[in-house]
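Text of run-v2.txt, listed as compact mmCIF, N, CA and C atoms:
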```
# COMPACT_ATOMS: atom_id res chain seq x y z
N ILE A 1 124.88 103.30 92.83
CA ILE A 1 125.10 103.07 91.41
C ILE A 1 124.90 101.60 91.07
N LYS A 2 125.39 100.72 91.96
CA LYS A 2 125.26 99.28 91.70
C LYS A 2 123.80 98.85 91.62
N LEU A 3 122.93 99.55 92.34
CA LEU A 3 121.51 99.20 92.33
C LEU A 3 120.79 99.73 91.08
N VAL A 4 121.25 100.86 90.56
CA VAL A 4 120.55 101.51 89.46
C VAL A 4 121.01 101.01 88.09
N ILE A 5 122.27 100.64 87.96
CA ILE A 5 122.79 100.19 86.67
C ILE A 5 121.96 99.05 86.08
N PRO A 6 121.59 98.03 86.84
CA PRO A 6 120.78 96.96 86.25
C PRO A 6 119.42 97.44 85.74
N VAL A 7 118.85 98.45 86.38
CA VAL A 7 117.57 98.99 85.93
C VAL A 7 117.74 99.70 84.59
N TYR A 8 118.76 100.53 84.49
CA TYR A 8 119.04 101.19 83.21
C TYR A 8 119.33 100.15 82.14
N ASP A 9 120.11 99.15 82.49
CA ASP A 9 120.50 98.10 81.55
C ASP A 9 119.27 97.32 81.06
N LYS A 10 118.29 97.20 81.89
CA LYS A 10 117.07 96.48 81.53
C LYS A 10 116.30 97.18 80.42
N TYR A 11 116.30 98.51 80.43
CA TYR A 11 115.47 99.28 79.51
C TYR A 11 116.23 100.02 78.41
N LEU A 12 117.54 100.21 78.59
CA LEU A 12 118.29 101.03 77.64
C LEU A 12 119.49 100.27 77.10
N SER A 13 119.74 100.44 75.81
CA SER A 13 120.90 99.82 75.17
C SER A 13 122.12 100.71 75.36
N ASP A 14 123.30 100.18 74.97
CA ASP A 14 124.51 101.00 75.03
C ASP A 14 124.36 102.23 74.14
N GLU A 15 123.74 102.05 72.97
CA GLU A 15 123.52 103.19 72.07
C GLU A 15 122.60 104.23 72.70
N ASP A 16 121.58 103.77 73.42
CA ASP A 16 120.69 104.69 74.13
C ASP A 16 121.48 105.53 75.13
N ILE A 17 122.34 104.88 75.90
CA ILE A 17 123.13 105.57 76.92
C ILE A 17 124.07 106.58 76.26
N LYS A 18 124.71 106.17 75.16
CA LYS A 18 125.59 107.10 74.45
C LYS A 18 124.81 108.31 73.94
N GLY A 19 123.60 108.08 73.44
CA GLY A 19 122.76 109.18 72.98
C GLY A 19 122.37 110.10 74.12
N MET A 20 122.10 109.51 75.28
CA MET A 20 121.76 110.32 76.45
C MET A 20 122.94 111.18 76.87
N ILE A 21 124.13 110.59 76.84
CA ILE A 21 125.33 111.35 77.20
C ILE A 21 125.50 112.53 76.25
N GLN A 22 125.29 112.29 74.96
CA GLN A 22 125.38 113.38 73.99
C GLN A 22 124.33 114.45 74.28
N PHE A 23 123.11 114.00 74.51
CA PHE A 23 122.02 114.94 74.77
C PHE A 23 122.31 115.78 76.02
N TYR A 24 122.71 115.13 77.10
CA TYR A 24 122.93 115.86 78.35
C TYR A 24 124.17 116.75 78.31
N SER A 25 124.92 116.67 77.21
CA SER A 25 126.05 117.58 77.01
C SER A 25 125.63 118.85 76.27
N THR A 26 124.40 118.86 75.75
CA THR A 26 123.90 120.03 75.03
C THR A 26 123.31 121.03 76.00
N PRO A 27 123.09 122.27 75.56
CA PRO A 27 122.44 123.26 76.44
C PRO A 27 121.06 122.79 76.93
N LEU A 28 120.25 122.20 76.03
CA LEU A 28 118.94 121.71 76.46
C LEU A 28 119.09 120.57 77.46
N GLY A 29 120.02 119.67 77.22
CA GLY A 29 120.26 118.57 78.15
C GLY A 29 120.67 119.07 79.52
N LYS A 30 121.54 120.09 79.53
CA LYS A 30 121.97 120.66 80.81
C LYS A 30 120.80 121.32 81.53
N LYS A 31 119.92 121.97 80.74
CA LYS A 31 118.73 122.56 81.35
C LYS A 31 117.85 121.47 81.95
N MET A 32 117.70 120.36 81.23
CA MET A 32 116.88 119.25 81.74
C MET A 32 117.45 118.70 83.05
N ILE A 33 118.76 118.60 83.13
CA ILE A 33 119.39 118.15 84.37
C ILE A 33 119.00 119.07 85.51
N ASP A 34 118.94 120.37 85.23
CA ASP A 34 118.60 121.35 86.25
C ASP A 34 117.12 121.31 86.64
N VAL A 35 116.22 121.22 85.63
CA VAL A 35 114.79 121.35 85.93
C VAL A 35 114.08 120.03 86.19
N LEU A 36 114.64 118.91 85.75
CA LEU A 36 113.93 117.64 85.89
C LEU A 36 113.56 117.29 87.34
N PRO A 37 114.46 117.48 88.31
CA PRO A 37 114.05 117.18 89.69
C PRO A 37 112.87 118.06 90.15
N LYS A 38 112.89 119.32 89.77
CA LYS A 38 111.80 120.23 90.15
C LYS A 38 110.51 119.84 89.44
N LEU A 39 110.64 119.54 88.14
CA LEU A 39 109.48 119.15 87.35
C LEU A 39 108.85 117.87 87.91
N THR A 40 109.71 116.91 88.25
CA THR A 40 109.23 115.64 88.81
C THR A 40 108.54 115.86 90.15
N ALA A 41 109.14 116.65 91.01
CA ALA A 41 108.56 116.91 92.34
C ALA A 41 107.20 117.59 92.22
N GLU A 42 107.12 118.61 91.37
CA GLU A 42 105.84 119.32 91.22
C GLU A 42 104.78 118.42 90.58
N SER A 43 105.19 117.60 89.64
CA SER A 43 104.25 116.66 89.02
C SER A 43 103.74 115.65 90.04
N ASN A 44 104.64 115.15 90.88
CA ASN A 44 104.23 114.20 91.93
C ASN A 44 103.25 114.84 92.90
N GLU A 45 103.52 116.10 93.29
CA GLU A 45 102.62 116.80 94.20
C GLU A 45 101.24 116.98 93.56
N ALA A 46 101.22 117.33 92.28
CA ALA A 46 99.94 117.50 91.58
C ALA A 46 99.19 116.17 91.53
N GLY A 47 99.91 115.09 91.28
CA GLY A 47 99.28 113.76 91.26
C GLY A 47 98.74 113.36 92.61
N GLN A 48 99.45 113.69 93.67
CA GLN A 48 98.97 113.39 95.02
C GLN A 48 97.71 114.18 95.33
N ARG A 49 97.70 115.47 94.98
CA ARG A 49 96.49 116.27 95.21
C ARG A 49 95.31 115.71 94.44
N TRP A 50 95.54 115.34 93.19
CA TRP A 50 94.47 114.76 92.36
C TRP A 50 93.98 113.46 92.99
N GLY A 51 94.90 112.60 93.44
CA GLY A 51 94.51 111.34 94.06
C GLY A 51 93.70 111.56 95.33
N GLN A 52 94.08 112.54 96.12
CA GLN A 52 93.32 112.84 97.34
C GLN A 52 91.92 113.32 96.99
N GLN A 53 91.81 114.19 95.99
CA GLN A 53 90.50 114.67 95.58
C GLN A 53 89.63 113.53 95.05
N MET A 54 90.22 112.66 94.26
CA MET A 54 89.47 111.52 93.71
C MET A 54 89.04 110.58 94.83
N GLY A 55 89.92 110.33 95.79
CA GLY A 55 89.58 109.47 96.91
C GLY A 55 88.45 110.04 97.74
N ARG A 56 88.52 111.35 97.99
CA ARG A 56 87.49 112.03 98.77
C ARG A 56 86.14 111.95 98.04
N GLN A 57 86.15 112.24 96.73
CA GLN A 57 84.91 112.21 95.96
C GLN A 57 84.35 110.79 95.87
N THR A 58 85.23 109.82 95.74
CA THR A 58 84.78 108.42 95.68
C THR A 58 84.12 108.02 96.99
N MET A 59 84.69 108.44 98.11
CA MET A 59 84.10 108.12 99.41
C MET A 59 82.74 108.78 99.55
N ILE A 60 82.63 110.02 99.12
CA ILE A 60 81.33 110.72 99.16
C ILE A 60 80.30 109.96 98.33
N ASP A 61 80.70 109.55 97.13
CA ASP A 61 79.79 108.80 96.25
C ASP A 61 79.36 107.48 96.88
N VAL A 62 80.30 106.77 97.48
CA VAL A 62 79.99 105.47 98.10
C VAL A 62 79.02 105.67 99.27
N LEU A 63 79.29 106.69 100.09
CA LEU A 63 78.43 106.93 101.25
C LEU A 63 77.03 107.36 100.83
N GLN A 64 76.92 108.07 99.71
CA GLN A 64 75.60 108.46 99.21
C GLN A 64 74.84 107.24 98.69
N GLU A 65 75.55 106.31 98.11
CA GLU A 65 74.92 105.11 97.56
C GLU A 65 74.61 104.07 98.64
N HIS A 66 75.31 104.15 99.77
CA HIS A 66 75.15 103.15 100.84
C HIS A 66 74.92 103.85 102.18
N PRO A 67 73.69 104.28 102.43
CA PRO A 67 73.41 104.99 103.69
C PRO A 67 73.70 104.15 104.93
N ASP A 68 73.59 102.83 104.80
CA ASP A 68 73.89 101.97 105.95
C ASP A 68 75.37 102.06 106.33
N LEU A 69 76.22 102.18 105.37
CA LEU A 69 77.65 102.34 105.63
C LEU A 69 77.91 103.71 106.27
N ARG A 70 77.24 104.72 105.77
CA ARG A 70 77.37 106.06 106.36
C ARG A 70 76.96 106.03 107.84
N GLN A 71 75.84 105.38 108.13
CA GLN A 71 75.37 105.30 109.52
C GLN A 71 76.37 104.54 110.39
N ALA A 72 76.92 103.46 109.87
CA ALA A 72 77.90 102.68 110.63
C ALA A 72 79.14 103.53 110.93
N LEU A 73 79.59 104.33 109.97
CA LEU A 73 80.75 105.21 110.21
C LEU A 73 80.43 106.28 111.24
N GLU A 74 79.24 106.85 111.15
CA GLU A 74 78.84 107.86 112.14
C GLU A 74 78.77 107.25 113.53
N ASN A 75 78.23 106.05 113.64
CA ASN A 75 78.14 105.38 114.94
C ASN A 75 79.53 105.06 115.49
N ALA A 76 80.45 104.69 114.61
CA ALA A 76 81.81 104.37 115.05
C ALA A 76 82.54 105.60 115.58
N ASN A 77 82.14 106.78 115.11
CA ASN A 77 82.81 108.02 115.55
C ASN A 77 82.20 108.60 116.81
N LYS A 78 81.08 108.07 117.26
CA LYS A 78 80.46 108.58 118.49
C LYS A 78 81.26 108.08 119.69
N PRO A 79 81.46 108.95 120.69
CA PRO A 79 82.18 108.50 121.89
C PRO A 79 81.35 107.44 122.63
N ALA A 80 82.05 106.50 123.19
CA ALA A 80 81.37 105.43 123.94
C ALA A 80 80.81 106.02 125.25
N LEU A 81 79.66 105.54 125.64
CA LEU A 81 79.05 105.99 126.89
C LEU A 81 79.79 105.34 128.06
N PRO A 82 79.99 106.10 129.13
CA PRO A 82 80.68 105.52 130.31
C PRO A 82 79.84 104.41 130.92
N GLN A 83 80.50 103.38 131.36
CA GLN A 83 79.82 102.25 132.01
C GLN A 83 79.57 102.60 133.48
N PRO A 84 78.38 102.25 133.98
CA PRO A 84 78.08 102.58 135.40
C PRO A 84 78.89 101.74 136.35
```
Please express what this file holds, its structure, as structure tokens.
Amino acid sequence: IKLVIPVYDKYLSDEDIKGMIQFYSTPLGKKMIDVLPKLTAESNEAGQRWGQQMGRQTMIDVLQEHPDLRQALENANKPALPQP
């Protein structure tokens, strides 16, 4: 609590906090308390999947534009030949 209070204080006034307390006392506010963690988790997962897809597509685009980089990556993945 000691760590979070300054963050809330930075962005919210006393009136804001009082309004939030009123809101979270309503049926909709209580529902938000219940669903917000789930909503946040699912939204984060969707964002992670999107980021992974964007990263993958960006790498494909870069490798298509720079064949020398693609060749260097392929060479780096080849097993080293045993030394005689």
Could you work out how far CA of Glu74 (chain A) lies from CA of Gln57 (chain A), giving the answer in Å with one decimal?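 We find that CA of Gln57 (chain A) and CA of Glu74 (chain A) lie 17.8 Å from each other.
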Determine which residues of chain A DSSP labels as helix (DSSP H, G or I) from the backbone of this structure, then write them out as a PyMOL selection string. chain A and resi 5-11+14-24+27-65+67-77
Could you work out how far CA of Arg49 (chain A) lies from CA of Asp68 (chain A), giving the answer in Å with one decimal?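 Here the two named atoms are 28.8 Å from each other.
In this structure, atom N of Phe23 (chain A) sits 14.9 Å away from atom N of Leu36 (chain A).
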Find the residues around Leu73 (chain A) up to 12 Å (only C-alpha atoms counted), leave out those fewer than 5 positions away in its own chain, and share them as a list in words.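 The residues satisfying every condition are Met59, Leu63, His66, Pro67, Asp68 and Lys78 of chain A.
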Let me see the file: selected residues, N, CA and C atoms, as a short mmCIF file (atom, residue, chain, number, x, y, z; two decimals), in the coordinates of the input.
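Wrote selection.cif, looks like this:
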```cif
data_model
loop_
_atom_site.label_atom_id
_atom_site.label_comp_id
_atom_site.auth_asym_id
_atom_site.auth_seq_id
_atom_site.Cartn_x
_atom_site.Cartn_y
_atom_site.Cartn_z
N MET A 59 84.69 108.44 98.11
CA MET A 59 84.10 108.12 99.41
C MET A 59 82.74 108.78 99.55
N LEU A 63 79.29 106.69 100.09
CA LEU A 63 78.43 106.93 101.25
C LEU A 63 77.03 107.36 100.83
N HIS A 66 75.31 104.15 99.77
CA HIS A 66 75.15 103.15 100.84
C HIS A 66 74.92 103.85 102.18
N PRO A 67 73.69 104.28 102.43
CA PRO A 67 73.41 104.99 103.69
C PRO A 67 73.70 104.15 104.93
N ASP A 68 73.59 102.83 104.80
CA ASP A 68 73.89 101.97 105.95
C ASP A 68 75.37 102.06 106.33
N LYS A 78 81.08 108.07 117.26
CA LYS A 78 80.46 108.58 118.49
C LYS A 78 81.26 108.08 119.69
#
```
